[in-house]
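Asker: Next comes the structure file my_file.txt, holding compact mmCIF, C-alpha atoms.
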# COMPACT_ATOMS: atom_id res chain seq x y z
CA MET A 246 -53.94 35.87 18.07
CA GLY A 247 -52.70 39.45 18.08
CA THR A 248 -49.59 40.88 19.76
CA GLU A 249 -51.06 40.77 23.26
CA ASN A 250 -51.89 37.08 22.94
CA PHE A 251 -48.50 36.31 21.39
CA VAL A 252 -46.83 37.86 24.44
CA SER A 253 -49.15 35.94 26.78
CA TYR A 254 -48.14 32.71 25.03
CA PHE A 255 -44.47 33.19 25.92
CA LYS A 256 -45.27 34.53 29.39
CA SER A 257 -47.28 31.39 30.13
CA GLY A 258 -44.08 29.37 29.66
CA GLU A 259 -42.39 30.98 32.67
CA LYS A 260 -41.49 28.60 35.50
CA ASP A 261 -39.94 28.99 38.91
CA ALA A 262 -36.36 27.69 38.82
CA GLU A 263 -37.19 24.82 41.14
CA TYR A 264 -39.46 23.40 38.41
CA PHE A 265 -36.96 23.72 35.55
CA SER A 266 -36.49 20.61 33.41
CA GLN A 267 -34.87 19.77 30.07
CA GLY A 268 -35.87 18.08 26.85
CA LEU A 269 -33.96 16.21 24.17
CA GLU A 270 -34.61 15.39 20.53
CA TRP A 271 -32.34 12.93 18.71
CA GLU A 272 -32.57 12.25 14.98
CA LEU A 273 -31.17 9.16 13.22
CA PHE A 274 -30.96 7.74 9.70
CA LEU A 275 -32.11 4.22 8.90
CA VAL A 276 -29.91 2.76 6.17
CA ASP A 277 -29.21 -0.51 4.40
CA TYR A 278 -26.33 -2.02 6.34
CA ASN A 279 -24.38 -3.16 3.28
CA THR A 280 -24.86 -0.24 0.90
CA LEU A 281 -25.59 2.62 3.35
CA ASN A 282 -28.46 3.64 1.07
CA PRO A 283 -31.25 5.58 2.83
CA THR A 284 -34.42 3.68 3.70
CA SER A 285 -37.61 4.67 1.89
CA TYR A 286 -40.93 5.14 3.67
CA PHE A 287 -42.84 2.40 1.87
CA GLY A 288 -41.82 -1.18 1.11
CA GLU A 289 -41.16 -4.43 2.92
CA HIS A 290 -38.15 -2.95 4.73
CA GLY A 291 -39.31 0.66 4.78
CA VAL A 292 -39.67 3.15 7.60
CA LEU A 293 -43.44 2.52 7.74
CA GLN A 294 -42.85 -1.16 8.46
CA ILE A 295 -40.27 -0.28 11.11
CA LEU A 296 -42.81 1.99 12.82
CA LYS A 297 -45.46 -0.75 12.77
CA GLU A 298 -43.13 -3.23 14.43
CA LEU A 299 -41.88 -0.67 16.95
CA SER A 300 -45.49 0.11 17.81
CA ALA A 301 -46.18 -3.54 18.55
CA ASN A 302 -42.93 -4.12 20.48
CA LEU A 303 -43.16 -0.99 22.62
CA ASN A 304 -46.95 -0.86 22.86
CA PHE A 305 -46.95 2.65 21.41
CA GLU A 306 -49.97 4.27 19.78
CA PRO A 307 -49.56 5.26 16.11
CA ILE A 308 -49.67 8.93 15.17
CA MET A 309 -51.62 9.23 11.93
CA ASP A 310 -51.69 11.69 9.04
CA GLY A 311 -54.68 10.56 7.03
CA SER A 312 -54.06 6.86 6.42
CA ASN A 313 -50.29 7.10 6.97
CA ILE A 314 -48.41 6.39 10.21
CA ILE A 315 -46.02 9.29 10.75
CA GLY A 316 -44.98 8.59 14.33
CA LEU A 317 -45.65 6.77 17.61
CA LYS A 318 -46.45 7.92 21.13
CA ASN A 319 -46.99 6.73 24.66
CA ASN A 320 -47.54 8.60 27.89
CA SER A 321 -43.87 9.56 28.14
CA TYR A 322 -42.37 10.35 24.75
CA LYS A 323 -42.86 10.30 20.99
CA ILE A 324 -41.07 8.71 18.05
CA THR A 325 -41.53 10.98 15.04
CA LEU A 326 -40.30 11.26 11.45
CA GLU A 327 -38.42 14.09 9.81
CA THR A 328 -39.00 15.04 6.20
CA GLY A 329 -36.68 12.50 4.60
CA GLY A 330 -37.70 9.62 6.85
CA GLN A 331 -35.13 10.33 9.56
CA ILE A 332 -36.47 8.77 12.75
CA GLU A 333 -36.49 10.95 15.85
CA LEU A 334 -36.81 10.44 19.55
CA SER A 335 -38.85 13.36 20.89
CA GLY A 336 -38.11 12.65 24.50
CA SER A 337 -40.07 13.41 27.63
CA THR A 338 -38.90 16.26 29.82
CA PHE A 339 -36.44 15.29 32.52
CA LYS A 340 -34.93 16.88 35.63
CA LYS A 341 -32.09 14.36 35.80
CA ILE A 342 -29.84 13.76 32.79
CA LYS A 343 -29.70 10.04 33.63
CA ASN A 344 -33.43 9.81 32.92
CA GLY A 345 -32.91 11.30 29.47
CA MET A 346 -30.04 8.89 28.85
CA ASP A 347 -32.12 5.88 29.91
CA GLU A 348 -34.84 6.93 27.48
CA CYS A 349 -32.28 7.22 24.65
CA LYS A 350 -30.96 3.75 25.43
CA GLU A 351 -34.45 2.23 25.50
CA PHE A 352 -35.36 3.86 22.19
CA LEU A 353 -32.11 2.85 20.48
CA SER A 354 -32.25 -0.74 21.71
CA ALA A 355 -35.81 -1.20 20.45
CA LEU A 356 -34.97 0.45 17.13
CA LYS A 357 -31.86 -1.65 16.55
CA ASN A 358 -33.71 -4.89 17.32
CA VAL A 359 -36.40 -4.14 14.75
CA CYS A 360 -33.93 -2.93 12.12
CA LEU A 361 -31.71 -6.02 12.45
CA ALA A 362 -34.39 -8.30 11.01
CA HIS A 363 -34.69 -6.04 7.98
CA GLY A 364 -30.99 -5.74 7.13
CA LEU A 365 -31.03 -2.13 8.29
CA SER A 366 -28.79 -0.21 10.63
CA VAL A 367 -29.05 2.99 12.62
CA MET A 368 -26.73 5.75 11.41
CA PRO A 369 -26.18 8.89 13.49
CA ALA A 370 -24.28 10.83 10.81
CA ALA A 371 -25.15 14.54 10.96
CA TYR A 372 -25.14 14.63 7.14
CA HIS A 373 -25.65 11.49 5.07
CA PRO A 374 -22.14 10.63 3.77
CA LEU A 375 -23.22 9.11 0.45
CA ALA A 376 -26.77 10.10 -0.53
CA THR A 377 -27.91 12.99 -2.70
CA VAL A 378 -31.17 14.94 -2.51
CA LYS A 379 -32.49 12.91 -5.46
CA ASP A 380 -31.94 9.66 -3.53
CA VAL A 381 -34.44 10.55 -0.80
CA ASP A 382 -38.21 11.00 -1.08
CA ILE A 383 -40.20 13.24 1.25
CA ILE A 384 -42.42 11.15 3.50
CA PRO A 385 -46.21 11.41 3.01
CA LYS A 386 -46.91 13.92 5.77
CA THR A 387 -49.18 16.83 4.90
CA ARG A 388 -47.13 19.64 6.42
CA TYR A 389 -43.97 18.42 4.68
CA ALA A 390 -45.68 18.73 1.32
CA PHE A 391 -46.42 22.37 2.17
CA LEU A 392 -42.82 22.90 3.26
CA ALA A 393 -41.47 21.39 0.04
CA LYS A 394 -43.68 23.71 -2.00
CA HIS A 395 -42.51 26.70 0.04
CA PHE A 396 -38.83 25.83 -0.37
CA LYS A 397 -39.17 25.38 -4.12
CA GLU A 398 -40.12 29.05 -4.29
CA PHE A 399 -38.31 30.64 -1.35
CA GLY A 400 -35.65 28.21 -0.13
CA LEU A 401 -31.94 28.80 -0.58
CA ASN A 402 -29.73 26.35 -2.45
CA LEU A 403 -29.44 23.78 0.36
CA ALA A 404 -33.01 23.82 1.67
CA PHE A 405 -33.77 20.31 0.43
CA ASP A 406 -30.46 19.03 1.82
CA MET A 407 -31.72 20.19 5.21
CA MET A 408 -35.00 18.35 4.73
CA LYS A 409 -33.58 15.06 3.50
CA LEU A 410 -29.93 14.63 4.43
CA THR A 411 -29.32 16.07 7.93
CA THR A 412 -29.79 14.92 11.51
CA SER A 413 -29.00 16.66 14.78
CA VAL A 414 -29.39 16.67 18.54
CA GLN A 415 -31.54 19.39 20.10
CA THR A 416 -31.94 20.21 23.76
CA SER A 417 -34.41 22.52 25.49
CA ILE A 418 -34.40 24.50 28.73
CA ASP A 419 -36.91 26.61 30.66
CA TYR A 420 -36.97 30.29 31.60
CA SER A 421 -38.33 32.08 34.67
CA SER A 422 -39.15 35.57 33.37
CA GLU A 423 -38.89 37.80 30.32
CA LEU A 424 -35.47 38.97 31.49
CA ASP A 425 -34.31 35.37 31.87
CA PHE A 426 -35.80 34.56 28.45
CA VAL A 427 -33.85 37.39 26.80
CA LYS A 428 -30.55 36.63 28.57
CA LYS A 429 -30.72 32.97 27.57
CA LEU A 430 -31.74 33.66 23.96
CA ARG A 431 -28.98 36.24 23.51
CA THR A 432 -26.28 34.16 25.16
CA ILE A 433 -27.10 30.93 23.31
CA ASN A 434 -27.39 32.76 19.98
CA ALA A 435 -23.99 34.37 20.51
CA LEU A 436 -22.33 31.17 21.72
CA SER A 437 -23.89 28.99 19.02
CA PRO A 438 -20.75 29.12 16.81
CA VAL A 439 -18.65 27.79 19.72
CA PHE A 440 -21.17 25.01 20.36
CA SER A 441 -21.04 24.19 16.65
CA ALA A 442 -17.25 23.98 16.81
CA ILE A 443 -17.28 21.64 19.79
CA TYR A 444 -19.68 19.24 18.07
CA GLY A 445 -18.85 19.71 14.35
CA ASN A 446 -19.10 16.19 12.92
CA SER A 447 -20.22 16.10 9.27
CA PRO A 448 -17.27 16.52 6.88
CA ILE A 449 -18.04 13.76 4.33
CA VAL A 450 -20.46 14.61 1.50
CA GLN A 451 -21.19 12.13 -1.31
CA ASN A 452 -18.14 10.14 -0.16
CA THR A 453 -15.89 13.14 -0.62
CA LYS A 454 -14.24 15.29 2.01
CA SER A 455 -16.03 18.62 1.87
CA GLU A 456 -14.44 21.92 2.82
CA TYR A 457 -16.49 21.85 6.04
CA LEU A 458 -16.05 19.98 9.31
CA SER A 459 -19.76 20.68 9.85
CA TYR A 460 -21.44 20.48 6.48
CA ARG A 461 -24.74 20.20 8.32
CA GLY A 462 -24.04 23.62 9.83
CA ASN A 463 -23.40 24.99 6.35
CA VAL A 464 -26.70 23.50 5.15
CA TRP A 465 -28.66 25.20 7.90
CA GLN A 466 -27.01 28.52 7.06
CA ASN A 467 -28.31 28.11 3.52
CA THR A 468 -31.87 26.91 4.05
CA GLU A 469 -33.91 30.11 3.97
CA LYS A 470 -32.59 33.60 4.51
CA LYS A 471 -35.18 35.03 6.89
CA ARG A 472 -35.97 31.99 9.02
CA SER A 473 -32.43 30.58 9.41
CA GLY A 474 -29.39 31.69 11.42
CA ILE A 475 -29.67 34.14 14.30
CA ILE A 476 -32.99 35.48 15.58
CA GLU A 477 -33.60 38.86 13.99
CA GLY A 478 -33.12 41.70 16.49
CA VAL A 479 -32.11 39.48 19.40
CA PHE A 480 -29.13 41.68 20.33
CA GLU A 481 -30.98 45.00 19.99
CA ASP A 482 -32.24 47.11 22.89
CA GLY A 483 -35.88 46.42 23.70
CA PHE A 484 -35.84 42.80 22.58
CA GLY A 485 -38.30 40.64 24.51
CA TYR A 486 -41.48 38.63 24.10
CA ALA A 487 -43.14 41.25 21.86
CA ARG A 488 -40.12 41.73 19.58
CA TYR A 489 -39.64 38.00 19.22
CA ALA A 490 -43.33 37.54 18.42
CA LYS A 491 -43.10 40.36 15.86
CA TYR A 492 -40.19 38.59 14.16
CA LEU A 493 -42.11 35.30 14.05
CA ALA A 494 -45.22 37.01 12.70
CA SER A 495 -43.13 38.48 9.88
CA LEU A 496 -42.21 35.00 8.62
CA PRO A 497 -44.08 33.62 5.63
CA VAL A 498 -46.81 31.11 6.43
CA VAL A 499 -45.78 27.65 5.22
CA GLU A 500 -48.86 25.60 6.06
CA GLY A 501 -52.36 27.07 5.92
CA PHE A 502 -54.44 27.11 9.10
CA ASN A 503 -57.83 27.19 7.36
CA LYS A 504 -57.43 23.86 5.57
CA GLU A 505 -55.98 25.49 2.48
CA THR A 506 -54.76 22.98 -0.10
CA LEU A 507 -51.30 23.07 -1.65
CA LYS A 508 -52.82 24.70 -4.71
CA GLU A 509 -54.59 27.37 -2.65
CA MET A 510 -51.65 28.39 -0.47
CA ILE A 511 -50.33 31.81 -1.41
CA GLY A 512 -46.55 31.71 -1.23
CA GLY A 513 -44.77 34.41 0.72
CA MET A 514 -47.77 35.63 2.74
CA THR A 515 -46.52 36.59 6.20
CA LEU A 516 -48.47 35.58 9.29
CA ASP A 517 -49.51 39.21 9.78
CA GLU A 518 -50.94 39.27 6.24
CA TYR A 519 -52.55 35.87 6.72
CA GLU A 520 -54.41 37.01 9.85
CA LYS A 521 -55.62 40.17 8.12
CA LYS A 522 -57.12 38.02 5.38
CA TYR A 523 -58.43 35.04 7.36
CA GLY A 524 -58.70 36.28 10.94
CA PRO A 525 -56.71 35.41 14.09
CA ILE A 526 -55.11 32.01 14.49
CA ASP A 527 -55.29 30.04 17.74
CA GLU A 528 -52.48 28.98 20.06
CA GLU A 529 -52.08 25.56 18.44
CA ASP A 530 -51.59 27.16 15.02
CA TRP A 531 -49.18 29.72 16.49
CA SER A 532 -47.09 26.86 17.87
CA LYS A 533 -47.12 25.17 14.44
CA HIS A 534 -46.00 28.42 12.83
CA ILE A 535 -43.08 28.74 15.26
CA SER A 536 -41.97 25.21 14.37
CA PHE A 537 -41.20 26.44 10.85
CA SER A 538 -38.63 28.86 12.28
CA TYR A 539 -35.17 27.36 11.73
CA THR A 540 -32.95 29.67 13.76
CA VAL A 541 -30.11 28.17 15.83
CA VAL A 542 -32.19 28.95 18.92
CA ARG A 543 -35.97 28.77 18.91
CA ALA A 544 -38.46 29.50 21.66
CA LYS A 545 -41.95 28.23 22.27
CA LYS A 546 -42.85 27.85 25.93
CA TYR A 547 -39.27 26.70 26.39
CA ILE A 548 -35.98 27.50 24.65
CA GLU A 549 -34.55 25.04 22.11
CA THR A 550 -30.85 25.00 21.25
CA ARG A 551 -30.52 23.61 17.72
CA CYS A 552 -26.90 24.08 16.60
CA PHE A 553 -25.46 20.64 17.37
CA ASP A 554 -24.30 18.08 14.84
CA ASN A 555 -25.37 14.53 15.62
CA GLN A 556 -22.86 12.42 17.55
CA THR A 557 -21.89 8.77 17.20
CA SER A 558 -22.45 7.61 20.78
CA ILE A 559 -25.09 8.11 23.43
CA ASP A 560 -22.33 9.26 25.80
CA MET A 561 -21.47 12.15 23.45
CA VAL A 562 -25.15 12.93 22.86
CA MET A 563 -25.69 13.34 26.59
CA THR A 564 -22.82 15.82 26.92
CA ILE A 565 -25.11 18.27 25.11
CA PRO A 566 -27.82 18.62 27.81
CA ALA A 567 -25.05 18.42 30.43
CA LEU A 568 -23.14 21.35 28.89
CA ILE A 569 -26.27 23.48 28.55
CA LYS A 570 -27.47 22.60 32.06
CA GLY A 571 -24.12 23.46 33.61
CA LEU A 572 -24.06 26.84 31.87
CA PHE A 573 -27.69 27.94 32.26
CA TYR A 574 -29.19 26.06 35.22
CA SER A 575 -26.33 26.58 37.65
CA SER A 576 -25.72 29.47 40.02
CA ASP A 577 -26.35 33.04 38.88
CA ASP A 578 -22.66 33.91 38.92
CA ILE A 579 -21.79 31.16 36.41
CA PHE A 580 -24.69 32.18 34.16
CA SER A 581 -23.51 35.80 34.37
CA MET A 582 -19.96 34.80 33.40
CA THR A 583 -21.31 32.79 30.49
CA CYS A 584 -23.41 35.76 29.39
CA ASP A 585 -20.42 38.13 29.66
CA MET A 586 -18.22 35.74 27.66
CA SER A 587 -20.70 35.70 24.83
CA LYS A 588 -20.78 39.47 24.33
CA TRP A 589 -17.67 39.64 22.17
CA LEU A 590 -19.66 37.71 19.54
CA TRP A 591 -22.66 40.07 19.59
CA THR A 592 -21.69 41.63 16.28
CA LYS A 593 -22.80 41.80 12.66
CA ASP A 594 -19.89 39.46 11.89
CA LEU A 595 -21.52 36.51 13.63
CA PHE A 596 -22.49 34.91 10.31
CA GLN A 597 -18.88 35.07 9.10
CA VAL A 598 -17.67 33.55 12.39
CA LYS A 599 -20.19 30.73 12.06
CA ASN A 600 -19.17 30.06 8.47
CA ALA A 601 -15.48 29.85 9.43
CA ILE A 602 -16.28 27.51 12.31
CA ASN A 603 -18.39 25.28 10.08
CA LYS A 604 -15.23 24.89 7.97
CA TYR A 605 -12.46 24.69 10.54
CA GLY A 606 -14.09 23.88 13.88
CA LEU A 607 -12.12 24.47 17.07
CA SER A 608 -9.01 25.68 15.21
CA VAL A 609 -10.62 29.03 14.30
CA GLU A 610 -9.15 32.26 15.69
CA TRP A 611 -11.16 35.42 15.13
CA LYS A 612 -10.07 38.95 16.01
CA GLY A 613 -7.57 37.62 18.51
CA TYR A 614 -9.96 35.16 20.12
CA SER A 615 -9.32 31.41 20.06
CA ILE A 616 -12.47 29.32 19.66
CA LEU A 617 -10.65 26.40 21.29
CA LYS A 618 -9.86 28.49 24.38
CA MET A 619 -13.44 29.72 24.40
CA ALA A 620 -14.65 26.11 24.31
CA GLN A 621 -12.27 25.18 27.14
CA LYS A 622 -13.53 28.08 29.23
CA LEU A 623 -17.17 27.09 28.62
CA TYR A 624 -16.35 23.52 29.61
CA HIS A 625 -14.79 24.69 32.89
CA LEU A 626 -17.79 26.92 33.61
CA ALA A 627 -20.27 24.12 32.85
CA SER A 628 -18.27 21.67 34.95
CA ALA A 629 -18.16 24.12 37.86
CA GLY A 630 -21.88 24.79 37.48
CA LEU A 631 -22.75 21.10 37.63
CA GLU A 632 -20.32 20.48 40.49
CA LYS A 633 -21.88 23.28 42.51
CA THR A 634 -25.53 22.56 41.82
CA TYR A 635 -25.83 19.01 40.41
CA PRO A 636 -22.54 17.30 41.41
CA GLU A 637 -23.70 13.80 40.51
CA GLU A 638 -24.18 14.92 36.88
CA ARG A 639 -20.72 16.31 36.15
CA CYS A 640 -19.75 12.86 34.85
CA PHE A 641 -21.93 13.40 31.79
CA LEU A 642 -19.56 16.13 30.57
CA LEU A 643 -16.43 13.99 30.66
CA PRO A 644 -16.54 12.59 27.07
CA LEU A 645 -15.99 16.15 25.81
CA GLU A 646 -12.53 16.31 27.38
CA LYS A 647 -11.14 14.07 24.63
CA TYR A 648 -11.84 16.72 21.96
CA ILE A 649 -11.51 19.97 23.89
CA PHE A 650 -8.37 19.20 25.93
CA ASP A 651 -6.64 16.13 24.51
CA LEU A 652 -7.10 16.17 20.72
CA LYS A 653 -8.00 19.87 20.60
CA TYR A 654 -10.11 19.48 17.47
CA SER A 655 -13.73 18.82 16.53
CA PRO A 656 -15.06 15.24 16.17
CA GLY A 657 -15.28 15.74 12.41
CA GLU A 658 -11.48 16.03 12.20
CA GLU A 659 -11.15 12.57 13.73
CA LEU A 660 -13.54 11.26 11.09
CA VAL A 661 -11.56 12.90 8.27
CA ARG A 662 -8.35 11.28 9.48
CA ALA A 663 -9.97 7.84 9.58
CA TRP A 664 -11.52 8.40 6.14
CA ASN A 665 -8.10 9.35 4.73
CA LYS A 666 -6.53 6.28 6.33
CA ALA A 667 -9.21 4.15 4.65
CA ASN A 668 -8.36 5.77 1.29
CA GLY A 669 -11.77 7.40 1.13
CA ASN A 670 -13.72 4.17 1.52
CA ILE A 671 -16.56 5.03 3.88
CA HIS A 672 -17.54 1.36 4.17
CA LYS A 673 -14.27 0.52 5.89
CA ILE A 674 -14.96 2.92 8.75
CA LYS A 675 -18.73 2.66 9.03
CA ASN A 676 -18.72 0.53 12.17
CA GLU A 677 -16.28 2.78 13.97
CA PHE A 678 -17.79 6.15 13.14
CA TYR A 679 -21.30 5.91 11.73
CA PHE A 680 -23.19 3.02 13.24
CA ILE A 681 -24.42 2.69 16.78
As structure tokens, how would this structure be written, given the file I've shared?

Answerer:
Amino acid sequence: MGTENFVSYFKSGEKDAEYFSQGLEWELFLVDYNTLNPTSYFGEHGVLQILKELSANLNFEPIMDGSNIIGLKNNSYKITLETGGQIELSGSTFKKIKNGMDECKEFLSALKNVCLAHGLSVMPAAYHPLATVKDVDIIPKTRYAFLAKHFKEFGLNLAFDMMKLTTSVQTSIDYSSELDFVKKLRTINALSPVFSAIYGNSPIVQNTKSEYLSYRGNVWQNTEKKRSGIIEGVFEDGFGYARYAKYLASLPVVEGFNKETLKEMIGGMTLDEYEKKYGPIDEEDWSKHISFSYTVVRAKKYIETRCFDNQTSIDMVMTIPALIKGLFYSSDDIFSMTCDMSKWLWTKDLFQVKNAINKYGLSVEWKGYSILKMAQKLYHLASAGLEKTYPEERCFLLPLEKYIFDLKYSPGEELVRAWNKANGNIHKIKNEFYFI
């Protein structure tokens, strides 16, 4: 596409504030109710069969990859599959949080009804509490085969854990200009450790308490060095559409755009190198390339926040778009305060802060700053933002008060305490903490 076209791609995503909306993606495991074992793609009770029955019940059209069903769609939203068979709601955009919540409820109800007949249950754990990488096969989707090949050569030690054993909640917002784009990317990147602390909820690994309250967060820190973590250069002077595009173009190509086979793909070739060899890619391929960027914030023609552990109730899931909306879609003064608050984290130590928070959640203090107090301040700002601009939606934030103000610890700490009380028997607490 070339730099000029890359910039035009992001510029074309600009919207006037009156047309801003949000998006939500919610990933879930399907597991055997009795054993908690992950569900395979094929078989009488596999994910493929679940998709076929969902398609019939919801009147959704199958999304195909060759002869394999790898998702469903209608005019509003999609149901897709992650690499290890995790099932995902890729929701429609919404202006009102209630509409996003209603969609989540519809999706979950339909999914649970189909799973019940197969002895399966829906598990929203952010990291599978029992399974290992060897227990989960990669689903037969072409681009995932390319990704697996890439990670075998270039992935860090937990790359396949990310593919097979994690789920999360992601929310997206719009931007009005390049300046707005930069302010939002910088602020969300800097605040991402605090968001991770608020929602850290994955402490159990292979039925053992790990040293992390958010093991999923640790996994994403150790997926691939260049395409994980914080966007390269985001806090430097001159960052904007062109600099972000330059960073993305420097990432290795995972999936070929000229119908290259797995055997033909040359590992480690950056997009810049690929275009020099094969010629410019089109906008669709550029969007596919961006989707292989795994930073905590990612931008296409909208900005995705991707640092949240999955939560065990729809009410907690919906606090995520509510928090982001209150902070970034409210009045300019609240956005400015949020931006100013984030600046103390704009340092080279951000990785160390994130690692500490993945371990200890809201209890972390760093250089005299309390992450808990930071979370409380963000809550108050988001609440004020919603009250001022979208007063009927402030109620969606309320489930967060339990952790931020009453318990004063991350959801994962509550899970650890229950797990200890059950003498480390995850089956005794599965209904309370893992199953919706």

Asker: Calculated over only C-alpha atoms, which of the candidates A:Val414, A:His395, A:Ile295, A:Trp664 has the smallest distance to Asn358 of chain A?

Answerer: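 For Asn358 of chain A, the nearest of the candidates is A:Ile295.
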
Asker: Write out as a list of chain:residue names each polymer residue whose atoms come within 10 Å of Ser413 of chain A, counting only C-alpha atoms; drop sequence neighbours fewer than 2 positions from it.

Answerer: A:Glu270, A:Trp271, A:Glu272, A:Leu273, A:Glu333, A:Pro369, A:Ala370, A:Ala371, A:Tyr372, A:Thr411, A:Gln415, A:Arg461, A:Gly462, A:Arg551, A:Cys552, A:Phe553, A:Asp554, A:Asn555, A:Gln556, A:Val562

Asker: Separation of atom CA of Ile569 of chain A and atom CA of Tyr679 of chain A, in Å?

Answerer: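 Computing the Euclidean distance for atom CA of Ile569 of chain A and atom CA of Tyr679 of chain A yields 24.8 Å.
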
Asker: So which residues fall inside 8 Å of (-39.2, 34.9, 24.0) if we count all atoms listed in the file? Mind giving them as a ChimeraX atom specification?

Answerer: /A:255,423,426-427,430,485-487,489-490,544-545

Asker: How about saving the chosen residues, C-alpha atoms kept, as a compact mmCIF listing (two decimals), keeping the file's coordinate frame?

Answerer:
# COMPACT_ATOMS: atom_id res chain seq x y z
CA PHE A 255 -44.47 33.19 25.92
CA GLU A 423 -38.89 37.80 30.32
CA PHE A 426 -35.80 34.56 28.45
CA VAL A 427 -33.85 37.39 26.80
CA LEU A 430 -31.74 33.66 23.96
CA GLY A 485 -38.30 40.64 24.51
CA TYR A 486 -41.48 38.63 24.10
CA ALA A 487 -43.14 41.25 21.86
CA TYR A 489 -39.64 38.00 19.22
CA ALA A 490 -43.33 37.54 18.42
CA ALA A 544 -38.46 29.50 21.66
CA LYS A 545 -41.95 28.23 22.27

Asker: Given 3 Å on each side, where is the centre and what are the edge lengths in Å to one decimal of the axis-aligned box enclosing the listed atoms of segment 483-495 of chain A, as JSON?

Answerer:
{"center_x": -40.5, "center_y": 40.9, "center_z": 17.2, "size_x": 15.4, "size_y": 17.1, "size_z": 20.6}

Asker: Using all atoms listed in the file, which of A:Trp465, A:Phe680, A:Tyr389, A:Phe287 sits nearest Phe596 of chain A?

Answerer: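 Using all atoms listed in the file, the shortest distance to Phe596 of chain A belongs to A:Trp465.
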
Asker: List as a tab-separated table (two decimals) with C-alpha atoms, keeping the file's coordinate frame the protein and nucleic acid residues near Glu348 of chain A, meaning an atom at most 9 Å away when only C-alpha atoms are counted, but skip any in the same chain fewer than 5 places from it.

Answerer:
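Listing of result.tsv after writing:
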chain	number	residue	atom	x	y	z
A	322	TYR	CA	-42.37	10.35	24.75
A	334	LEU	CA	-36.81	10.44	19.55
A	336	GLY	CA	-38.11	12.65	24.50
A	337	SER	CA	-40.07	13.41	27.63
A	343	LYS	CA	-29.70	10.04	33.63
A	353	LEU	CA	-32.11	2.85	20.48

Asker: Env of Ser335 of chain A: 12 Å cut, atoms = only C-alpha atoms, seq-sep filter 3 positions within chain, self excluded. Answer as a PyMOL selection string.

Answerer: chain A and resi 267-273+316-319+321-327+332+338+345+348-349+352+414-417

Asker: List the neighbours of Glu505 of chain A out to 12 Å using only C-alpha atoms; skip same-chain residues closer than 5 positions along the sequence, and give me the result as a PyMOL selection string.

Answerer: chain A and resi 387-388+391+498-500+510-512+519+523

Asker: Find the spatial neighbours of Ser459 of chain A, counting all atoms listed in the file, within a cut-off of 6 Å - ignore same-chain residues fewer than 6 positions away - and output them as a list in words.

Answerer: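 The filter keeps Gly445, Asn446, Ser447, Pro448 and Asn603 of chain A.
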
Asker: At what distance in Å, to one decimal, does atom CA of Lys397 of chain A lie from atom CA of Lys491 of chain A?

Answerer: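 For atom CA of Lys491 of chain A relative to atom CA of Lys397 of chain A, the distance reads 25.3 Å.
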
Asker: So how far away is atom CA of Ile548 of chain A from atom CA of Ile342 of chain A, in Å?

Answerer: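 Computing it gives 17.1 Å between the two atoms.
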
Asker: So, with all atoms listed in the file as the atoms that count, which of A:Arg639, A:Lys546, A:Lys386, A:Lys260 lies closest to Thr564 of chain A?

Answerer: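 Once distances to Thr564 of chain A are computed over all atoms listed in the file, the minimum belongs to A:Arg639.
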
Asker: Given the choices A:Asp419, A:Asp380, A:Glu658, A:Asp560, which gets closest to Glu259 of chain A if the distance is worked out from only C-alpha atoms?

Answerer: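 Selected residue with least distance to Glu259 of chain A: A:Asp419.
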
Asker: Which one is closest to Ser608 of chain A: A:Tyr624, A:Tyr648, A:Phe405, A:Phe484? Count all atoms listed in the file.

Answerer: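 Residue with the minimum atom-to-atom distance to Ser608 of chain A: A:Tyr648.
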
Asker: Taking (-36.0, 10.5, 1.7) in the file's coordinates, which residues come within 10 Å, counting all atoms listed in the file, written as a list in words?

Answerer: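 Those within range, by chain then number, are Phe274, Pro283, Thr284, Ser285, Tyr286, Glu327, Thr328, Gly329, Gly330, Gln331, Ala376, Thr377, Val378, Lys379, Asp380, Val381, Asp382, Ile383, Ile384, Met408, Lys409 and Leu410 of chain A.
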